[in-house]
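Q: Can you keep this structure in mind? I'll have questions shortly.
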There are 2 protein chains.
Amino acid sequence: MAQCPDSAAMKATLLAYVERFNAADAQGVAALYADDATVEDPVGAQPVTGKPAILAFYQHAIGLGARLEVVAPPRGSHGDAAALTFAVQARLEGRAARIDVTDVMTFGADGRIRSMRAHWGPDDVHFL
Amino acid sequence: MAQCPDSAAMKATLLAYVERFNAADAQGVAALYADDATVEDPVGAQPVTGKPAILAFYQHAIGLGARLEVVAPPRGSHGDAAALTFAVQARLEGRAARIDVTDVMTFGADGRIRSMRAHWGPDDVHFL
């Protein structure tokens, strides 16, 4: 079996992801990803692949003024995956909204994120 | 693209899963799964495959007196996956414990669960 990053290290990366996102540091968020990583947000959409596209994805999201609020401690695993459950506070169509999301990330042996899948559906968007 | 169950239907199944588990209804939990489904609990363990093995898995877990407490509303997706974040209250090695978990399920077009992956690591087990 390939070596996995430990569960605590994966969780620390998930929390760094939130901190950097909320500090409007798109470069810092993108730096958590492997060069050939994929981002599927939401699950069911066409994945974004590779660091330049991932950076552009976060520049766009951060530019919209989105903010992440963690609602439960991150979960690790005995494998290469960890999960984070949070709410996105954002403005959509000129109105305040909350999107309920659970991200699942997989990690390489170097601790960088290899894939992100954001679980949220049309019914997870709540106008406030 | 294959037809997906809608996000609300997937969430309803996740909540039925918790209700049946907490009612000690292992048969009812197993009935939510497709015949050839897989359960990987925790992520990184060898998956349990097929309905008889899945039923035995839940009979064992329920027999240990485990109880599930949902800590955030389930998340759907624009695809075939949904996520549920909860805590397992259980006795481990004779002591009360809480295990922090996020399950990700995928669903077939018939609404039954095709796969379950339980995200929890060694550091998600908290003795109380």
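In the structure tokens, each chain is lettered A, B, ... as it comes, each chain's residues begin at 1, and ligands are numbered from 1 in order of appearance.
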Fit chain B to chain A, using all C-alpha atoms paired in sequence order for the least-squares superposition, and then show me the result as a compact mmCIF listing (two decimals) with N, CA and C atoms, in the first residue's frame.

A:
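That gives us selection.txt:
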# COMPACT_ATOMS: atom_id res chain seq x y z
N MET B 1 0.82 -1.14 -0.24
CA MET B 1 0.01 0.08 -0.21
C MET B 1 0.91 1.31 -0.15
N ALA B 2 0.55 2.33 -0.90
CA ALA B 2 1.32 3.58 -0.88
C ALA B 2 1.21 4.23 0.49
N GLN B 3 2.24 4.96 0.85
CA GLN B 3 2.22 5.63 2.14
C GLN B 3 1.19 6.75 2.12
N CYS B 4 0.47 6.90 3.21
CA CYS B 4 -0.54 7.97 3.32
C CYS B 4 -0.05 9.02 4.31
N PRO B 5 -0.44 10.26 4.09
CA PRO B 5 -0.20 11.28 5.12
C PRO B 5 -1.03 10.91 6.35
N ASP B 6 -0.61 11.30 7.55
CA ASP B 6 -1.41 10.90 8.68
C ASP B 6 -2.65 11.78 8.82
N SER B 7 -3.59 11.25 9.58
CA SER B 7 -4.91 11.86 9.68
C SER B 7 -4.81 13.29 10.22
N ALA B 8 -3.97 13.49 11.23
CA ALA B 8 -3.83 14.84 11.82
C ALA B 8 -3.26 15.82 10.80
N ALA B 9 -2.32 15.38 9.97
CA ALA B 9 -1.73 16.27 8.97
C ALA B 9 -2.77 16.67 7.91
N MET B 10 -3.60 15.70 7.51
CA MET B 10 -4.66 16.02 6.54
C MET B 10 -5.62 17.06 7.12
N LYS B 11 -5.99 16.88 8.39
CA LYS B 11 -6.92 17.84 9.02
C LYS B 11 -6.30 19.23 9.12
N ALA B 12 -5.02 19.28 9.45
CA ALA B 12 -4.36 20.58 9.55
C ALA B 12 -4.40 21.29 8.21
N THR B 13 -4.24 20.54 7.12
CA THR B 13 -4.31 21.14 5.79
C THR B 13 -5.72 21.66 5.51
N LEU B 14 -6.72 20.91 5.93
CA LEU B 14 -8.11 21.38 5.72
C LEU B 14 -8.35 22.70 6.46
N LEU B 15 -7.83 22.80 7.66
CA LEU B 15 -8.05 24.04 8.42
C LEU B 15 -7.21 25.19 7.84
N ALA B 16 -6.02 24.89 7.32
CA ALA B 16 -5.22 25.93 6.64
C ALA B 16 -5.96 26.42 5.39
N TYR B 17 -6.62 25.50 4.72
CA TYR B 17 -7.42 25.84 3.53
C TYR B 17 -8.47 26.89 3.88
N VAL B 18 -9.19 26.68 4.97
CA VAL B 18 -10.22 27.63 5.39
C VAL B 18 -9.60 28.97 5.77
N GLU B 19 -8.52 28.92 6.54
CA GLU B 19 -7.87 30.18 6.96
C GLU B 19 -7.40 31.00 5.76
N ARG B 20 -6.77 30.32 4.82
CA ARG B 20 -6.25 31.04 3.64
C ARG B 20 -7.39 31.55 2.77
N PHE B 21 -8.42 30.75 2.62
CA PHE B 21 -9.58 31.20 1.84
C PHE B 21 -10.15 32.47 2.46
N ASN B 22 -10.36 32.43 3.77
CA ASN B 22 -10.98 33.58 4.46
C ASN B 22 -10.05 34.79 4.54
N ALA B 23 -8.76 34.57 4.34
CA ALA B 23 -7.80 35.68 4.26
C ALA B 23 -7.66 36.19 2.83
N ALA B 24 -8.52 35.70 1.93
CA ALA B 24 -8.50 36.11 0.52
C ALA B 24 -7.17 35.78 -0.16
N ASP B 25 -6.53 34.69 0.29
CA ASP B 25 -5.22 34.27 -0.20
C ASP B 25 -5.39 33.11 -1.19
N ALA B 26 -5.82 33.45 -2.41
CA ALA B 26 -6.06 32.41 -3.42
C ALA B 26 -4.77 31.66 -3.75
N GLN B 27 -3.66 32.37 -3.82
CA GLN B 27 -2.37 31.71 -4.06
C GLN B 27 -2.05 30.69 -2.97
N GLY B 28 -2.32 31.09 -1.74
CA GLY B 28 -2.06 30.20 -0.61
C GLY B 28 -2.94 28.96 -0.64
N VAL B 29 -4.20 29.13 -1.03
CA VAL B 29 -5.09 27.97 -1.17
C VAL B 29 -4.57 27.05 -2.28
N ALA B 30 -4.25 27.63 -3.42
CA ALA B 30 -3.79 26.81 -4.55
C ALA B 30 -2.50 26.07 -4.21
N ALA B 31 -1.67 26.67 -3.35
CA ALA B 31 -0.39 26.04 -2.97
C ALA B 31 -0.59 24.76 -2.16
N LEU B 32 -1.79 24.57 -1.61
CA LEU B 32 -2.06 23.34 -0.86
C LEU B 32 -2.30 22.15 -1.79
N TYR B 33 -2.49 22.43 -3.08
CA TYR B 33 -2.81 21.39 -4.06
C TYR B 33 -1.57 20.89 -4.78
N ALA B 34 -1.60 19.61 -5.16
CA ALA B 34 -0.60 19.06 -6.09
C ALA B 34 -0.77 19.71 -7.46
N ASP B 35 0.30 19.68 -8.25
CA ASP B 35 0.27 20.37 -9.56
C ASP B 35 -0.82 19.83 -10.48
N ASP B 36 -1.09 18.53 -10.39
CA ASP B 36 -2.05 17.90 -11.30
C ASP B 36 -3.37 17.57 -10.60
N ALA B 37 -3.67 18.32 -9.54
CA ALA B 37 -4.87 18.03 -8.75
C ALA B 37 -6.15 18.35 -9.52
N THR B 38 -7.26 17.84 -8.98
CA THR B 38 -8.58 18.10 -9.55
C THR B 38 -9.51 18.66 -8.48
N VAL B 39 -10.41 19.56 -8.90
CA VAL B 39 -11.42 20.15 -8.02
C VAL B 39 -12.77 19.96 -8.70
N GLU B 40 -13.65 19.20 -8.04
CA GLU B 40 -15.01 18.97 -8.56
C GLU B 40 -15.99 19.65 -7.60
N ASP B 41 -16.46 20.84 -7.98
CA ASP B 41 -17.25 21.69 -7.08
C ASP B 41 -18.37 22.33 -7.87
N PRO B 42 -19.61 21.86 -7.72
CA PRO B 42 -20.06 20.76 -6.86
C PRO B 42 -19.81 19.40 -7.50
N VAL B 43 -19.91 18.34 -6.66
CA VAL B 43 -19.91 16.98 -7.19
C VAL B 43 -20.99 16.89 -8.27
N GLY B 44 -20.60 16.41 -9.44
CA GLY B 44 -21.50 16.33 -10.58
C GLY B 44 -21.14 17.33 -11.66
N ALA B 45 -20.30 18.34 -11.31
CA ALA B 45 -19.83 19.31 -12.30
C ALA B 45 -18.55 18.79 -12.96
N GLN B 46 -18.18 19.40 -14.07
CA GLN B 46 -16.93 19.06 -14.73
C GLN B 46 -15.76 19.46 -13.81
N PRO B 47 -14.84 18.55 -13.51
CA PRO B 47 -13.73 18.93 -12.62
C PRO B 47 -12.80 19.96 -13.26
N VAL B 48 -12.26 20.80 -12.42
CA VAL B 48 -11.20 21.75 -12.77
C VAL B 48 -9.87 21.02 -12.52
N THR B 49 -8.95 21.07 -13.47
CA THR B 49 -7.74 20.25 -13.39
C THR B 49 -6.49 21.11 -13.55
N GLY B 50 -5.53 20.90 -12.66
CA GLY B 50 -4.23 21.55 -12.77
C GLY B 50 -4.19 22.87 -12.01
N LYS B 51 -3.00 23.19 -11.55
CA LYS B 51 -2.84 24.32 -10.63
C LYS B 51 -3.30 25.67 -11.22
N PRO B 52 -2.99 26.02 -12.47
CA PRO B 52 -3.45 27.33 -12.96
C PRO B 52 -4.98 27.45 -12.94
N ALA B 53 -5.67 26.40 -13.35
CA ALA B 53 -7.14 26.44 -13.36
C ALA B 53 -7.68 26.47 -11.93
N ILE B 54 -7.01 25.78 -11.03
CA ILE B 54 -7.44 25.75 -9.63
C ILE B 54 -7.24 27.14 -9.01
N LEU B 55 -6.13 27.76 -9.31
CA LEU B 55 -5.91 29.13 -8.80
C LEU B 55 -7.01 30.07 -9.31
N ALA B 56 -7.33 29.97 -10.58
CA ALA B 56 -8.37 30.84 -11.15
C ALA B 56 -9.72 30.58 -10.48
N PHE B 57 -9.99 29.32 -10.19
CA PHE B 57 -11.24 28.95 -9.52
C PHE B 57 -11.33 29.66 -8.16
N TYR B 58 -10.25 29.63 -7.39
CA TYR B 58 -10.29 30.25 -6.05
C TYR B 58 -10.25 31.77 -6.13
N GLN B 59 -9.54 32.31 -7.11
CA GLN B 59 -9.57 33.77 -7.28
C GLN B 59 -11.00 34.23 -7.54
N HIS B 60 -11.71 33.47 -8.35
CA HIS B 60 -13.10 33.81 -8.65
C HIS B 60 -13.97 33.71 -7.39
N ALA B 61 -13.87 32.61 -6.68
CA ALA B 61 -14.72 32.40 -5.49
C ALA B 61 -14.43 33.45 -4.42
N ILE B 62 -13.16 33.71 -4.22
CA ILE B 62 -12.77 34.70 -3.20
C ILE B 62 -13.21 36.09 -3.65
N GLY B 63 -13.12 36.35 -4.94
CA GLY B 63 -13.55 37.64 -5.48
C GLY B 63 -15.03 37.91 -5.29
N LEU B 64 -15.81 36.85 -5.18
CA LEU B 64 -17.25 37.01 -4.93
C LEU B 64 -17.55 37.35 -3.48
N GLY B 65 -16.51 37.35 -2.63
CA GLY B 65 -16.72 37.69 -1.23
C GLY B 65 -17.20 36.52 -0.38
N ALA B 66 -17.06 35.30 -0.89
CA ALA B 66 -17.49 34.13 -0.11
C ALA B 66 -16.61 33.97 1.13
N ARG B 67 -17.21 33.45 2.17
CA ARG B 67 -16.51 33.21 3.44
C ARG B 67 -16.92 31.84 3.97
N LEU B 68 -15.96 31.08 4.50
CA LEU B 68 -16.23 29.71 4.96
C LEU B 68 -16.34 29.67 6.48
N GLU B 69 -17.38 29.00 6.98
CA GLU B 69 -17.55 28.82 8.43
C GLU B 69 -17.59 27.32 8.72
N VAL B 70 -16.58 26.85 9.44
CA VAL B 70 -16.51 25.44 9.80
C VAL B 70 -17.62 25.12 10.81
N VAL B 71 -18.36 24.04 10.57
CA VAL B 71 -19.47 23.72 11.48
C VAL B 71 -19.25 22.43 12.26
N ALA B 72 -18.17 21.71 11.97
CA ALA B 72 -17.83 20.50 12.74
C ALA B 72 -16.34 20.27 12.56
N PRO B 73 -15.68 19.64 13.54
CA PRO B 73 -14.26 19.36 13.37
C PRO B 73 -14.02 18.51 12.13
N PRO B 74 -12.90 18.72 11.43
CA PRO B 74 -12.61 17.89 10.26
C PRO B 74 -12.48 16.43 10.66
N ARG B 75 -12.80 15.56 9.72
CA ARG B 75 -12.67 14.12 9.91
C ARG B 75 -11.50 13.61 9.07
N GLY B 76 -10.68 12.75 9.65
CA GLY B 76 -9.61 12.11 8.90
C GLY B 76 -10.05 10.75 8.40
N SER B 77 -9.09 9.86 8.24
CA SER B 77 -9.41 8.49 7.83
C SER B 77 -8.20 7.61 8.13
N HIS B 78 -8.35 6.32 7.83
CA HIS B 78 -7.22 5.39 7.88
C HIS B 78 -6.59 5.26 6.50
N GLY B 79 -7.00 6.10 5.56
CA GLY B 79 -6.47 6.08 4.21
C GLY B 79 -5.97 7.45 3.81
N ASP B 80 -6.24 7.84 2.56
CA ASP B 80 -5.68 9.08 2.01
C ASP B 80 -6.70 10.21 1.94
N ALA B 81 -7.86 10.08 2.62
CA ALA B 81 -8.94 11.06 2.49
C ALA B 81 -9.28 11.69 3.82
N ALA B 82 -9.76 12.93 3.76
CA ALA B 82 -10.28 13.62 4.93
C ALA B 82 -11.45 14.48 4.48
N ALA B 83 -12.31 14.87 5.44
CA ALA B 83 -13.56 15.56 5.11
C ALA B 83 -13.74 16.77 6.01
N LEU B 84 -14.31 17.82 5.42
CA LEU B 84 -14.60 19.03 6.17
C LEU B 84 -16.01 19.51 5.85
N THR B 85 -16.79 19.75 6.91
CA THR B 85 -18.17 20.19 6.78
C THR B 85 -18.26 21.65 7.21
N PHE B 86 -18.80 22.47 6.33
CA PHE B 86 -18.79 23.91 6.57
C PHE B 86 -19.97 24.55 5.85
N ALA B 87 -20.14 25.86 6.11
CA ALA B 87 -21.12 26.65 5.38
C ALA B 87 -20.38 27.76 4.67
N VAL B 88 -20.80 28.04 3.44
CA VAL B 88 -20.28 29.18 2.69
C VAL B 88 -21.26 30.33 2.86
N GLN B 89 -20.76 31.45 3.37
CA GLN B 89 -21.58 32.66 3.41
C GLN B 89 -21.22 33.47 2.18
N ALA B 90 -22.21 33.83 1.39
CA ALA B 90 -21.93 34.51 0.12
C ALA B 90 -23.13 35.37 -0.27
N ARG B 91 -22.93 36.17 -1.29
CA ARG B 91 -24.05 36.88 -1.91
C ARG B 91 -24.30 36.24 -3.27
N LEU B 92 -25.54 35.83 -3.49
CA LEU B 92 -25.94 35.22 -4.75
C LEU B 92 -27.10 36.03 -5.29
N GLU B 93 -27.01 36.44 -6.56
CA GLU B 93 -28.10 37.21 -7.17
C GLU B 93 -28.48 38.40 -6.28
N GLY B 94 -27.44 38.99 -5.66
CA GLY B 94 -27.67 40.19 -4.87
C GLY B 94 -28.24 39.96 -3.49
N ARG B 95 -28.37 38.68 -3.11
CA ARG B 95 -28.96 38.38 -1.81
C ARG B 95 -27.97 37.58 -0.97
N ALA B 96 -28.07 37.76 0.37
CA ALA B 96 -27.23 36.98 1.28
C ALA B 96 -27.68 35.52 1.24
N ALA B 97 -26.74 34.62 1.19
CA ALA B 97 -27.06 33.20 1.09
C ALA B 97 -26.05 32.38 1.86
N ARG B 98 -26.51 31.21 2.27
CA ARG B 98 -25.63 30.23 2.90
C ARG B 98 -25.70 28.94 2.07
N ILE B 99 -24.55 28.39 1.76
CA ILE B 99 -24.50 27.11 1.04
C ILE B 99 -23.87 26.09 1.99
N ASP B 100 -24.60 25.01 2.27
CA ASP B 100 -24.10 23.95 3.15
C ASP B 100 -23.29 22.96 2.32
N VAL B 101 -22.06 22.72 2.75
CA VAL B 101 -21.10 21.96 1.94
C VAL B 101 -20.33 20.97 2.82
N THR B 102 -20.01 19.81 2.26
CA THR B 102 -18.98 18.93 2.82
C THR B 102 -17.96 18.65 1.72
N ASP B 103 -16.73 19.08 1.95
CA ASP B 103 -15.62 18.79 1.03
C ASP B 103 -14.94 17.49 1.45
N VAL B 104 -14.63 16.65 0.48
CA VAL B 104 -13.75 15.51 0.72
C VAL B 104 -12.51 15.71 -0.13
N MET B 105 -11.36 15.66 0.54
CA MET B 105 -10.07 15.83 -0.13
C MET B 105 -9.32 14.50 -0.04
N THR B 106 -8.58 14.17 -1.11
CA THR B 106 -7.58 13.10 -1.01
C THR B 106 -6.20 13.72 -1.11
N PHE B 107 -5.24 13.04 -0.51
CA PHE B 107 -3.90 13.61 -0.31
C PHE B 107 -2.84 12.67 -0.85
N GLY B 108 -1.77 13.25 -1.37
CA GLY B 108 -0.60 12.47 -1.74
C GLY B 108 0.31 12.25 -0.55
N ALA B 109 1.31 11.39 -0.73
CA ALA B 109 2.25 11.11 0.35
C ALA B 109 3.00 12.37 0.78
N ASP B 110 3.07 13.37 -0.11
CA ASP B 110 3.75 14.63 0.23
C ASP B 110 2.84 15.58 1.01
N GLY B 111 1.61 15.14 1.30
CA GLY B 111 0.69 15.95 2.10
C GLY B 111 -0.12 16.96 1.29
N ARG B 112 0.14 17.04 -0.01
CA ARG B 112 -0.64 17.98 -0.82
C ARG B 112 -1.96 17.34 -1.28
N ILE B 113 -2.94 18.20 -1.54
CA ILE B 113 -4.27 17.73 -1.94
C ILE B 113 -4.22 17.26 -3.39
N ARG B 114 -4.68 16.03 -3.61
CA ARG B 114 -4.72 15.48 -4.98
C ARG B 114 -6.09 15.69 -5.62
N SER B 115 -7.13 15.64 -4.80
CA SER B 115 -8.47 15.87 -5.34
C SER B 115 -9.35 16.48 -4.27
N MET B 116 -10.28 17.31 -4.73
CA MET B 116 -11.31 17.88 -3.85
C MET B 116 -12.65 17.65 -4.52
N ARG B 117 -13.61 17.18 -3.73
CA ARG B 117 -14.99 17.04 -4.21
C ARG B 117 -15.89 17.74 -3.20
N ALA B 118 -16.67 18.70 -3.69
CA ALA B 118 -17.53 19.52 -2.83
C ALA B 118 -18.97 19.01 -2.94
N HIS B 119 -19.46 18.45 -1.83
CA HIS B 119 -20.82 17.91 -1.80
C HIS B 119 -21.79 19.01 -1.40
N TRP B 120 -22.51 19.53 -2.38
CA TRP B 120 -23.66 20.42 -2.12
C TRP B 120 -24.56 20.34 -3.34
N GLY B 121 -25.85 20.37 -3.06
CA GLY B 121 -26.84 20.27 -4.12
C GLY B 121 -27.64 21.55 -4.24
N PRO B 122 -28.54 21.60 -5.21
CA PRO B 122 -29.38 22.78 -5.38
C PRO B 122 -30.14 23.11 -4.09
N ASP B 123 -30.48 22.07 -3.34
CA ASP B 123 -31.26 22.27 -2.11
C ASP B 123 -30.38 22.59 -0.91
N ASP B 124 -29.08 22.78 -1.13
CA ASP B 124 -28.18 23.21 -0.04
C ASP B 124 -27.90 24.71 -0.10
N VAL B 125 -28.54 25.41 -1.01
CA VAL B 125 -28.41 26.86 -1.12
C VAL B 125 -29.61 27.49 -0.41
N HIS B 126 -29.31 28.24 0.65
CA HIS B 126 -30.38 28.83 1.47
C HIS B 126 -30.25 30.34 1.44
N PHE B 127 -31.25 31.02 0.90
CA PHE B 127 -31.25 32.48 0.94
C PHE B 127 -31.68 32.92 2.33
N LEU B 128 -30.98 33.93 2.84
CA LEU B 128 -31.17 34.30 4.26
C LEU B 128 -32.10 35.48 4.41

Q: Extract the full set of strand (DSSP E) residues from chain A according to DSSP on the backbone, and format it as a count of residues only.

A: 49

Q: Select from chain B everything DSSP, run on the backbone, classes as alpha helix (DSSP H), then give the selection as a short mmCIF file (atom, residue, chain, number, x, y, z; two decimals) with N, CA and C atoms, in the first residue's frame.

A:
data_model
loop_
_atom_site.label_atom_id
_atom_site.label_comp_id
_atom_site.auth_asym_id
_atom_site.auth_seq_id
_atom_site.Cartn_x
_atom_site.Cartn_y
_atom_site.Cartn_z
N SER B 7 -31.16 15.34 -5.11
CA SER B 7 -30.41 15.62 -3.89
C SER B 7 -31.27 15.41 -2.65
N ALA B 8 -32.52 15.86 -2.71
CA ALA B 8 -33.41 15.71 -1.55
C ALA B 8 -33.68 14.24 -1.24
N ALA B 9 -33.82 13.41 -2.27
CA ALA B 9 -34.07 11.98 -2.06
C ALA B 9 -32.85 11.31 -1.42
N MET B 10 -31.66 11.69 -1.86
CA MET B 10 -30.44 11.12 -1.25
C MET B 10 -30.37 11.49 0.23
N LYS B 11 -30.68 12.75 0.54
CA LYS B 11 -30.64 13.19 1.95
C LYS B 11 -31.65 12.44 2.80
N ALA B 12 -32.84 12.24 2.24
CA ALA B 12 -33.87 11.52 2.99
C ALA B 12 -33.39 10.11 3.32
N THR B 13 -32.68 9.49 2.38
CA THR B 13 -32.14 8.15 2.64
C THR B 13 -31.09 8.19 3.74
N LEU B 14 -30.26 9.22 3.74
CA LEU B 14 -29.24 9.34 4.80
C LEU B 14 -29.92 9.45 6.17
N LEU B 15 -30.98 10.22 6.24
CA LEU B 15 -31.65 10.39 7.54
C LEU B 15 -32.41 9.11 7.93
N ALA B 16 -32.95 8.38 6.95
CA ALA B 16 -33.58 7.08 7.25
C ALA B 16 -32.54 6.10 7.78
N TYR B 17 -31.35 6.18 7.22
CA TYR B 17 -30.23 5.34 7.66
C TYR B 17 -29.97 5.54 9.15
N VAL B 18 -29.91 6.79 9.58
CA VAL B 18 -29.66 7.09 11.00
C VAL B 18 -30.82 6.60 11.86
N GLU B 19 -32.04 6.87 11.42
CA GLU B 19 -33.22 6.43 12.21
C GLU B 19 -33.24 4.92 12.39
N ARG B 20 -33.00 4.21 11.30
CA ARG B 20 -33.04 2.74 11.37
C ARG B 20 -31.89 2.20 12.21
N PHE B 21 -30.72 2.80 12.05
CA PHE B 21 -29.58 2.37 12.87
C PHE B 21 -29.92 2.53 14.34
N ASN B 22 -30.42 3.71 14.70
CA ASN B 22 -30.71 3.99 16.12
C ASN B 22 -31.90 3.20 16.65
N ALA B 26 -31.07 -3.46 11.86
CA ALA B 26 -29.99 -3.75 10.91
C ALA B 26 -30.55 -4.16 9.55
N GLN B 27 -31.63 -4.92 9.54
CA GLN B 27 -32.26 -5.30 8.27
C GLN B 27 -32.72 -4.06 7.50
N GLY B 28 -33.29 -3.13 8.23
CA GLY B 28 -33.77 -1.90 7.59
C GLY B 28 -32.63 -1.07 7.02
N VAL B 29 -31.51 -1.02 7.73
CA VAL B 29 -30.33 -0.31 7.21
C VAL B 29 -29.83 -1.01 5.95
N ALA B 30 -29.69 -2.31 6.02
CA ALA B 30 -29.16 -3.06 4.86
C ALA B 30 -30.08 -2.91 3.65
N LYS B 51 -24.83 -7.54 -0.02
CA LYS B 51 -25.84 -7.34 1.02
C LYS B 51 -25.65 -8.24 2.25
N PRO B 52 -25.36 -9.54 2.12
CA PRO B 52 -25.22 -10.35 3.34
C PRO B 52 -24.09 -9.84 4.24
N ALA B 53 -22.97 -9.47 3.64
CA ALA B 53 -21.84 -8.98 4.44
C ALA B 53 -22.17 -7.62 5.05
N ILE B 54 -22.92 -6.81 4.32
CA ILE B 54 -23.30 -5.49 4.82
C ILE B 54 -24.28 -5.65 6.00
N LEU B 55 -25.20 -6.57 5.87
CA LEU B 55 -26.13 -6.82 6.98
C LEU B 55 -25.34 -7.27 8.23
N ALA B 56 -24.40 -8.16 8.05
CA ALA B 56 -23.60 -8.64 9.19
C ALA B 56 -22.81 -7.49 9.82
N PHE B 57 -22.30 -6.60 8.98
CA PHE B 57 -21.56 -5.44 9.48
C PHE B 57 -22.45 -4.59 10.39
N TYR B 58 -23.68 -4.33 9.97
CA TYR B 58 -24.57 -3.48 10.78
C TYR B 58 -25.10 -4.23 12.00
N GLN B 59 -25.33 -5.52 11.87
CA GLN B 59 -25.74 -6.29 13.05
C GLN B 59 -24.66 -6.20 14.13
N HIS B 60 -23.41 -6.28 13.70
CA HIS B 60 -22.30 -6.19 14.65
C HIS B 60 -22.25 -4.79 15.28
N ALA B 61 -22.31 -3.76 14.47
CA ALA B 61 -22.19 -2.38 14.99
C ALA B 61 -23.35 -2.05 15.93
N ILE B 62 -24.54 -2.46 15.53
CA ILE B 62 -25.72 -2.18 16.36
C ILE B 62 -25.64 -3.01 17.64
N GLY B 63 -25.13 -4.22 17.54
CA GLY B 63 -24.97 -5.08 18.71
C GLY B 63 -24.02 -4.52 19.75
#
